[in-house]
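> So that we are looking at the same thing, I have put the structure below in structure tokens.
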Amino acid sequence: MGGLTNDERQSVEGAAGSSVALAVVKPFLADSGSWIDPGVYGAAALVSEGASTFLRVVTIPNYEVVIEQELYENFDLHGHTSKFFTFEAMDSVIGLAFSDEYEAQSFCDN
């Protein structure tokens with residue numbers, strides 16, 4: 001996984017919406033104490049829509065939104081390492097493995 005090309009950025013924003021921040025990630029789902037790899041990678045996008053902000057993960061190269069989480073008050077993106085972060089979704093815990101430490105830090109600062 002590397003950085004996004006300009007074409008990929010445009011396609012991700014076309015699927016997710018206009019983004020405040022973008023970063024290349026590989027998502028994981030927690031299940032009974034283990035991490036499940038859904039076999040996709042893509043881009044995490046922070047998207048503002050009106051008064052709400054969403055974290056969306058869009059697959060590459062299909063550009064489908066596979067994860068969408070509205071950021072609620074006291075939303076916690078917990079860092080386990082400089083490149084692996086987790087958050088609680090409605091019915092599971094989701095992990096995001098960022099491809100780059102700088103992208104991870106920049107994304108999380110937003």
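Residues in the structure tokens are numbered from 1 in each chain, the chains being A, B, ... in the order shown, and ligands are numbered from 1 in the order shown.
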If we count only C-alpha atoms and set the cut-off at 7 Å, which residues sit around region 77-85 of chain A, ignoring sequence neighbours fewer than 6 positions away in its own chain? Please answer as a compact mmCIF listing (two decimals) with N, CA and C atoms, in the first residue's frame.


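Writing the result to out_39.txt gives the following:
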```txt
# COMPACT_ATOMS: atom_id res chain seq x y z
N GLY A 95 -10.70 -1.90 13.18
CA GLY A 95 -9.30 -1.51 13.18
C GLY A 95 -8.92 -0.97 11.82
N LEU A 96 -8.08 0.05 11.82
CA LEU A 96 -7.56 0.62 10.58
C LEU A 96 -6.04 0.59 10.63
N ALA A 97 -5.45 -0.16 9.70
CA ALA A 97 -4.00 -0.20 9.57
C ALA A 97 -3.61 0.79 8.48
N PHE A 98 -2.99 1.88 8.88
CA PHE A 98 -2.57 2.92 7.93
C PHE A 98 -1.28 2.49 7.24
N ASP A 100 1.06 4.47 6.22
CA ASP A 100 2.15 5.41 6.45
C ASP A 100 1.92 6.13 7.78
N GLU A 101 2.97 6.25 8.60
CA GLU A 101 2.86 6.92 9.89
C GLU A 101 2.45 8.38 9.75
N ALA A 104 -1.17 8.56 8.91
CA ALA A 104 -1.97 8.19 10.10
C ALA A 104 -2.07 9.38 11.05
```

> Skipping near chain neighbours, those fewer than 5 positions away, what residues fall within 8 Å of region 2-19 of chain A using only C-alpha atoms, listed as a PyMOL selection string?

chain A and resi 24+43+45-48+56-58+60+63-65+99-100

> Which residue out of A:Phe54, A:Ala21, A:Phe87, A:Ile67 has the minimum interatomic distance to Gly42 (chain A) when only C-alpha atoms are used?

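Smallest separation from Gly42 (chain A) among the options: A:Ile67.
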
> Separation of CA of Gln105 (chain A) and CA of Ala23 (chain A), in Å?

9.8 Å

> Which residues are near Pro38 (chain A)? Cut-off 8 Å, only C-alpha atoms, ignore same chain within fewer than 2 positions. Put them as a count of residues only.

5

> Quick one: everything within 10 Å of Glu88 (chain A), counting only C-alpha atoms, minus sequence neighbours fewer than 3 positions away in the same chain. Send it as a PyMOL selection string.

chain A and resi 30+69+75-78+91-95

> Check the DSSP output for the backbone and give back, as JSON, numbers by chain, the residues of chain A in alpha helix (DSSP H).

{"A": [6, 7, 8, 9, 10, 11, 12, 13, 14, 15, 16, 101, 102, 103, 104, 105, 106, 107, 108, 109]}

> How would you write, as number ranges by chain, the set of residues in chain A that DSSP gives as strand (DSSP E)?

A: 19-31, 34-36, 42-49, 52-59, 65-70, 78-79, 84-88, 93-98

> What is the CA of Glu70 (chain A) to CA of Gly50 (chain A) distance in Å?

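These two atoms are separated by 12.1 Å.
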
> To one decimal place, how far is CA of Thr53 (chain A) from CA of Tyr41 (chain A) in Å?

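Answer for the CA of Thr53 (chain A) to CA of Tyr41 (chain A) separation: 21.7 Å.
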
> Could you tell me which of A:Gly39, A:Glu103, A:Leu22, A:Ser52 comes closest to Glu73 (chain A) if we count only C-alpha atoms?

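Closest candidate: A:Ser52.
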